[in-house]
file upload.cif (mmCIF, C-alpha atoms)
data_model
#
loop_
_atom_site.label_atom_id
_atom_site.label_comp_id
_atom_site.auth_asym_id
_atom_site.auth_seq_id
_atom_site.Cartn_x
_atom_site.Cartn_y
_atom_site.Cartn_z
CA MET R 20 89.22 164.21 150.69
CA LYS R 21 87.25 162.92 147.80
CA GLN R 22 88.74 159.94 145.91
CA GLU R 23 87.98 159.77 142.24
CA LYS R 24 87.05 156.44 140.71
CA PRO R 25 89.31 155.33 137.86
CA ALA R 26 87.50 155.95 134.61
CA ILE R 27 86.56 152.87 132.57
CA GLY R 28 88.15 153.24 129.18
CA THR R 29 86.35 152.98 125.91
CA ALA R 30 86.68 149.97 123.67
CA GLU R 31 89.25 151.94 121.65
CA ASP R 32 91.35 152.54 124.77
CA ARG R 33 91.38 148.86 125.63
CA ALA R 34 92.18 147.71 122.13
CA GLN R 35 95.40 145.82 121.55
CA GLU R 36 97.91 147.73 119.54
CA PHE R 37 100.16 145.99 117.08
CA LYS R 38 103.44 147.45 115.97
CA ALA R 39 105.58 146.41 113.06
CA VAL R 40 108.98 144.94 113.92
CA THR R 41 111.85 144.06 111.68
CA GLY R 42 113.07 140.45 111.53
CA GLY R 43 109.93 138.93 113.08
CA GLY R 44 109.35 135.29 113.96
CA GLY R 45 108.14 134.47 110.46
CA GLU R 46 105.50 131.93 109.46
CA THR R 47 104.17 129.91 112.38
CA SER R 48 102.05 127.29 110.63
CA SER R 49 104.03 124.80 108.60
CA ALA R 50 102.41 123.76 105.31
CA GLY R 51 103.79 120.24 105.73
CA ALA R 52 102.30 119.86 109.21
CA LEU R 53 98.91 121.16 108.02
CA LEU R 54 98.99 118.79 105.04
CA VAL R 55 99.83 115.74 107.15
CA THR R 56 97.21 116.70 109.78
CA ALA R 57 94.52 117.09 107.11
CA TYR R 58 95.28 113.71 105.52
CA ALA R 59 95.54 111.96 108.89
CA LEU R 60 92.23 113.35 110.15
CA MET R 61 90.44 112.44 106.91
CA TRP R 62 91.72 108.86 107.14
CA VAL R 63 90.76 108.61 110.82
CA ILE R 64 87.17 109.71 110.03
CA LEU R 65 86.96 107.28 107.13
CA MET R 66 88.47 104.28 108.94
CA ALA R 67 86.30 104.86 112.03
CA PHE R 68 83.20 104.92 109.83
CA LEU R 69 84.17 101.75 107.94
CA TYR R 70 85.10 99.95 111.17
CA MET R 71 81.73 100.86 112.73
CA THR R 72 79.92 99.70 109.59
CA PHE R 73 81.63 96.29 109.52
CA ARG R 74 81.20 95.81 113.28
CA ARG R 75 77.48 96.62 113.15
CA GLN R 76 76.96 94.42 110.09
CA ALA R 77 78.67 91.51 111.88
CA ALA R 78 76.49 92.02 114.99
CA VAL R 79 73.27 92.18 112.91
CA ASP R 80 74.26 89.09 110.87
CA LYS R 81 75.03 87.15 114.06
CA ARG R 82 71.69 88.07 115.64
CA LEU R 83 69.81 87.27 112.43
CA ALA R 84 71.46 83.84 112.27
CA GLU R 85 70.42 83.16 115.89
CA LEU R 86 66.84 84.18 115.22
CA GLU R 87 66.61 82.23 111.97
CA ARG R 88 67.86 79.12 113.76
CA ALA R 89 65.21 79.65 116.46
CA LEU R 90 62.26 80.29 114.15
CA PRO R 91 61.65 76.69 112.90
CA LYS R 92 61.63 75.52 116.52
CA ARG R 93 58.42 77.47 117.24
CA PRO R 94 55.54 75.08 117.99
CA ASP R 95 53.21 76.92 115.58
CA ALA R 96 55.82 77.04 112.79
CA MET T 248 80.10 86.84 91.37
CA ARG T 249 78.54 86.70 94.85
CA PRO T 250 77.71 89.98 96.66
CA ARG T 251 80.48 89.35 99.22
CA GLY T 252 83.00 88.87 96.40
CA LEU T 253 81.81 92.10 94.78
CA ILE T 254 82.33 94.01 98.03
CA VAL T 255 85.82 92.55 98.59
CA GLY T 256 86.70 93.35 94.95
CA GLY T 257 85.33 96.89 95.39
CA ILE T 258 87.41 97.41 98.53
CA ALA T 259 90.56 96.16 96.75
CA ILE T 260 90.06 98.40 93.69
CA THR T 261 89.26 101.45 95.83
CA ALA T 262 92.30 100.85 98.06
CA LEU T 263 94.60 100.49 95.03
CA THR T 264 93.24 103.70 93.48
CA PHE T 265 93.89 105.57 96.73
CA VAL T 266 97.44 104.19 96.99
CA ALA T 267 98.11 105.36 93.41
CA LEU T 268 96.59 108.78 94.20
CA ILE T 269 98.66 109.28 97.36
CA PHE T 270 101.91 108.32 95.64
CA TYR T 271 101.15 110.52 92.64
CA VAL T 272 100.10 113.55 94.72
CA PHE T 273 103.08 113.38 97.08
CA LEU T 274 105.81 112.33 94.65
CA ARG T 275 104.88 113.70 91.23
CA VAL T 276 102.55 116.68 91.56
CA PRO T 277 104.42 119.98 92.04
CA GLU T 278 103.72 122.43 94.83
CA ALA T 279 101.39 125.34 94.08
CA GLN T 280 102.36 128.99 94.47
CA PRO T 281 102.58 130.34 98.09
CA GLN T 282 99.36 132.38 97.72
CA ALA T 283 97.46 129.11 97.17
CA GLY T 284 99.02 127.54 100.26
CA GLY T 285 102.22 126.07 98.77
CA LEU T 286 102.61 122.48 99.93
CA ALA T 287 99.28 122.66 101.81
CA GLN T 288 97.52 123.07 98.45
CA LYS T 289 97.95 119.28 98.02
CA ILE T 290 94.98 118.94 100.39
CA PHE T 291 92.97 120.06 97.34
CA TYR T 292 93.28 116.64 95.62
CA PHE T 293 91.24 115.03 98.41
CA HIS T 294 89.20 118.04 99.54
CA VAL T 295 87.43 118.74 96.23
CA PRO T 296 86.68 115.05 95.38
CA ALA T 297 85.33 114.59 98.95
CA ALA T 298 83.02 117.58 98.39
CA THR T 299 81.84 116.01 95.11
CA ALA T 300 81.25 112.69 96.91
CA LEU T 301 79.16 114.65 99.42
CA TYR T 302 77.00 115.90 96.53
CA VAL T 303 76.64 112.34 95.18
CA CYS T 304 75.61 110.96 98.60
CA GLY T 305 73.20 113.89 99.04
CA ALA T 306 71.66 113.06 95.65
CA VAL T 307 71.25 109.39 96.70
CA CYS T 308 69.61 110.56 99.95
CA PHE T 309 67.29 112.82 97.95
CA LEU T 310 66.30 110.08 95.47
CA GLY T 311 65.77 107.49 98.23
CA SER T 312 63.73 109.95 100.30
CA ALA T 313 61.57 111.05 97.35
CA LEU T 314 61.00 107.43 96.35
CA TYR T 315 60.05 106.52 99.92
CA LEU T 316 57.52 109.35 100.11
CA TYR T 317 56.06 108.31 96.74
CA ASN T 318 56.08 104.56 97.36
CA PRO T 319 57.19 103.55 100.89
CA GLY T 320 59.51 100.54 100.89
CA GLU T 321 62.53 99.23 102.76
CA ARG T 322 64.96 99.59 99.86
CA ALA T 323 64.18 103.28 99.27
CA ASP T 324 64.44 103.95 103.01
CA ALA T 325 67.76 102.07 103.25
CA TRP T 326 69.30 104.11 100.40
CA ALA T 327 67.99 107.39 101.88
CA LYS T 328 69.52 106.50 105.25
CA ALA T 329 72.81 105.38 103.66
CA GLY T 330 72.97 108.60 101.61
CA ALA T 331 72.57 110.78 104.71
CA GLU T 332 75.18 108.81 106.68
CA CYS T 333 77.77 108.90 103.89
CA ALA T 334 77.05 112.59 103.20
CA THR T 335 77.81 113.28 106.87
CA VAL T 336 81.14 111.45 106.64
CA PHE T 337 82.23 113.21 103.43
CA GLY T 338 81.00 116.52 104.87
CA GLY T 339 83.18 115.89 107.92
CA MET T 340 86.18 115.19 105.68
CA VAL T 341 85.62 118.44 103.76
CA LEU T 342 85.11 120.47 106.93
CA VAL T 343 88.29 119.06 108.48
CA SER T 344 90.57 119.38 105.44
CA GLY T 345 89.33 122.80 104.25
CA PRO T 346 90.19 124.83 107.37
CA LEU T 347 93.69 123.30 107.52
CA TRP T 348 94.36 124.41 103.95
CA ALA T 349 92.71 127.80 104.66
CA LYS T 350 95.09 128.38 107.58
CA LYS T 351 97.97 128.43 105.12
CA ALA T 352 96.26 130.08 102.15
CA TRP T 353 94.08 132.67 103.96
CA GLY T 354 95.83 132.90 107.34
CA VAL T 355 92.74 131.75 109.30
CA TYR T 356 91.14 128.36 109.91
CA TRP T 357 87.60 129.59 109.49
CA THR T 358 85.76 132.59 108.12
CA TRP T 359 82.01 133.05 107.72
CA ASP T 360 82.34 132.95 103.96
CA PRO T 361 79.11 132.03 102.04
CA ARG T 362 80.53 128.70 100.78
CA LEU T 363 81.83 127.63 104.18
CA THR T 364 78.71 128.74 106.05
CA SER T 365 76.26 127.08 103.63
CA LEU T 366 78.32 123.86 103.64
CA LEU T 367 78.35 123.81 107.45
CA LEU T 368 74.56 124.27 107.46
CA SER T 369 74.12 121.43 104.96
CA VAL T 370 76.33 119.04 106.95
CA LEU T 371 74.48 119.95 110.17
CA ILE T 372 71.18 119.01 108.48
CA TYR T 373 72.63 115.58 107.57
CA VAL T 374 74.00 115.15 111.12
CA ALA T 375 70.51 115.94 112.49
CA LEU T 376 69.04 113.39 110.08
CA VAL T 377 71.49 110.68 111.16
CA VAL T 378 70.78 111.41 114.86
CA LEU T 379 67.04 111.33 114.15
CA ARG T 380 67.33 107.93 112.45
CA ALA T 381 69.43 106.59 115.30
CA PHE T 382 67.16 107.64 118.17
CA ALA T 383 63.62 108.28 116.88
CA GLY T 384 62.58 104.70 116.14
CA ASN T 385 61.93 102.97 112.85
CA GLY T 386 58.20 103.45 112.32
CA ASP T 387 56.58 104.69 109.12
CA ALA T 388 55.96 108.19 110.56
CA GLU T 389 59.62 108.56 111.58
CA ARG T 390 60.78 107.31 108.18
CA LYS T 391 58.51 109.77 106.39
CA PHE T 392 59.71 112.65 108.56
CA ALA T 393 63.31 111.61 107.88
CA ALA T 394 62.57 111.43 104.14
CA ALA T 395 61.21 114.98 104.17
CA PHE T 396 64.30 116.06 106.11
CA GLY T 397 66.54 114.29 103.57
CA ILE T 398 64.93 116.22 100.72
CA LEU T 399 65.47 119.47 102.64
CA GLY T 400 69.14 118.60 103.29
CA THR T 401 69.82 118.00 99.62
CA ALA T 402 67.91 121.12 98.59
CA VAL T 403 70.64 123.13 100.36
CA LEU T 404 73.41 121.56 98.21
CA PRO T 405 72.78 123.69 95.07
CA ILE T 406 73.01 126.77 97.33
CA VAL T 407 76.38 125.48 98.59
CA HIS T 408 77.59 124.89 95.04
CA PHE T 409 76.50 128.24 93.59
CA SER T 410 77.27 130.34 96.69
CA VAL T 411 80.65 131.37 95.26
CA GLN T 412 79.08 132.69 92.04
CA LEU T 413 76.14 134.29 93.88
CA TRP T 414 77.78 135.96 96.87
CA GLY T 415 81.54 135.85 96.31
CA GLY T 416 83.62 135.44 99.46
CA ASN T 417 87.10 134.04 100.04
CA HIS T 418 86.46 130.58 98.63
CA PRO T 419 87.68 130.36 95.02
CA LYS T 420 85.77 128.96 92.07
CA VAL T 421 88.42 126.41 91.18
CA LEU T 422 86.98 124.47 88.30
CA LYS T 423 85.86 126.32 85.20
CA ALA T 424 83.41 125.19 82.55
CA ASN T 425 86.15 124.97 79.88
CA GLY T 426 88.15 122.51 82.00
CA GLY T 427 91.32 122.83 84.03
CA GLY T 428 90.46 125.98 85.91
CA GLY T 429 93.22 126.97 88.28
CA LEU T 430 95.23 123.81 87.59
CA GLU T 431 97.84 124.80 85.03
CA ASP T 432 100.17 121.82 85.31
CA PRO T 433 98.90 118.65 83.51
CA SER T 434 100.02 116.49 86.46
CA MET T 435 97.77 118.58 88.76
CA GLN T 436 94.82 117.96 86.45
CA LEU T 437 95.58 114.24 86.32
CA ALA T 438 95.86 114.06 90.13
CA LEU T 439 92.46 115.72 90.47
CA GLY T 440 90.97 113.28 87.93
CA VAL T 441 92.35 110.28 89.85
CA GLY T 442 91.05 111.92 93.06
CA PHE T 443 87.55 112.02 91.58
CA ILE T 444 87.75 108.35 90.55
CA ALA T 445 89.09 107.24 93.97
CA MET T 446 86.53 109.22 95.95
CA GLY T 447 83.73 108.15 93.58
CA LEU T 448 84.61 104.48 94.11
CA LEU T 449 84.78 105.06 97.86
CA ALA T 450 81.36 106.77 97.88
CA ALA T 451 79.83 103.87 95.88
CA LEU T 452 81.39 101.34 98.26
CA MET T 453 80.30 103.17 101.42
CA LEU T 454 76.76 103.69 100.10
CA THR T 455 76.48 99.98 99.22
CA LEU T 456 77.78 98.87 102.63
CA ARG T 457 75.48 101.23 104.56
CA ALA T 458 72.40 100.39 102.45
CA LYS T 459 73.13 96.66 103.00
CA LEU T 460 73.43 97.32 106.76
CA ALA T 461 70.15 99.27 106.83
CA LEU T 462 68.36 96.45 104.96
CA SER T 463 69.82 93.85 107.35
CA GLN T 464 68.64 95.95 110.32
CA SER T 465 65.11 96.07 108.87
CA ARG T 466 65.21 92.30 108.32
CA LEU T 467 66.36 91.84 111.93
CA LEU T 468 63.44 93.95 113.23
CA ARG T 469 60.98 91.82 111.25
CA ALA T 470 62.63 88.60 112.47
CA GLU T 471 62.43 89.80 116.07
CA GLU T 472 58.71 90.44 115.67
CA LEU T 473 58.25 86.83 114.52
CA ALA T 474 60.61 85.24 117.04
CA PRO T 475 59.37 83.72 120.33
CA GLU T 476 59.66 85.98 123.41
CA PRO T 477 62.81 84.44 125.01
CA MET T 478 64.76 85.00 121.78
CA VAL T 479 63.75 88.66 121.55
CA SER T 480 64.71 89.49 125.11
CA SER T 481 68.09 87.67 124.94
#

call {"tool": "encode", "arguments": {"input": "upload.cif", "output": "structure tokens"}}
result
Amino acid sequence: MKQEKPAIGTAEDRAQEFKAVTGGGGETSSAGALLVTAYALMWVILMAFLYMTFRRQAAVDKRLAELERALPKRPDA
Amino acid sequence: MRPRGLIVGGIAITALTFVALIFYVFLRVPEAQPQAGGLAQKIFYFHVPAATALYVCGAVCFLGSALYLYNPGERADAWAKAGAECATVFGGMVLVSGPLWAKKAWGVYWTWDPRLTSLLLSVLIYVALVVLRAFAGNGDAERKFAAAFGILGTAVLPIVHFSVQLWGGNHPKVLKANGGGGLEDPSMQLALGVGFIAMGLLAALMLTLRAKLALSQSRLLRAEELAPEPMVSS
């Protein structure tokens, strides 16, 4: 007895169907939550950048001060 | 006034302007209509000024790069580098805030709209430039290559700006030549004006700090070349 392979459907067959319902769940994304998230993320980016800038500047200034203190001590200076 | 005093004063004025902006936007400015995102439309008062600050930083990067190619010097290179770094940060702020507003106004976080796509491309160019400056050394050849890249990055900005007029898309043209644009309420217009001032001050402050850092780093490299061996390796 010959068994037939199940046919692979077309893209149309496999497509998700959406049906209208009455009294649905309503809006899922809250405007307030989106607003607060946007402001918080913008401040995080900004503060991280400023923190990195001040930290790097402090490290460079410290190293420069060390080197400038060392330079007059060179025998050929 | 000493440079340090100027920077501290600049930070204080910028912080106060932002405090005033936040209070005004959240307590005084009315919500927009639901089609514009309702409460989420208040993202606009930071989103648009941040995009303008991106243009300003891109212009500084362009001028510094062009000046470096014409007459190589540490100052021009420092401003070009600072412009690219600050443009990346403001680009990140725009790309983070825009999709969150779009989710409410358009129903999706992202769409391959001409404005959004060209802005993403522009920010990616600045990111590539920052990565290049961080890892490719600090020689004259690298600086010249970065300067050429900086000019290319800024050349994309007019395409970003005029993409809405040229190709349409979802992104609105908010500000009109005769002023006001889509902002009917006077308090909305005032909030946007204060937003421009606050973000302009922030851009000036960030550019100054980053250019100062780049100049200090160049000075450090020169000092390390002059310093005795044990100091360099420590």

call {"tool": "resolve_selection", "arguments": {"input": "upload.cif", "expression": "the PyMOL selection byres ((chain R) within 12 of (chain T))", "output": "ChimeraX atom specification"}}
result
/R:46-96

call {"tool": "closest_residue", "arguments": {"input": "upload.cif", "among": "T:Asn385, T:Thr261, T:Thr299, T:Gln282", "to": "Phe443 (chain T)", "atoms": "all atoms listed in the file"}}
result
T:Thr299

call {"tool": "atom_distance", "arguments": {"input": "upload.cif", "atom1": "CA of Tyr302 (chain T)", "atom2": "CA of Val266 (chain T)"}}
result
23.6 Å

call {"tool": "atom_distance", "arguments": {"input": "upload.cif", "atom1": "CA of Val303 (chain T)", "atom2": "CA of Gly338 (chain T)"}}
result
11.4 Å

call {"tool": "residues_around", "arguments": {"input": "upload.cif", "residues": "Pro319 (chain T)", "least_positions_apart": "4", "cutoff": "9 Å", "atoms": "all atoms listed in the file", "output": "PyMOL selection string"}}
result
chain T and resi 314-315+323-324+387+390-391

call {"tool": "residues_around", "arguments": {"input": "upload.cif", "residues": "Ile406 (chain T)", "least_positions_apart": "6", "cutoff": "9 Å", "atoms": "only C-alpha atoms", "output": "PyMOL selection string"}}
result
chain T and resi 362+365-366+413
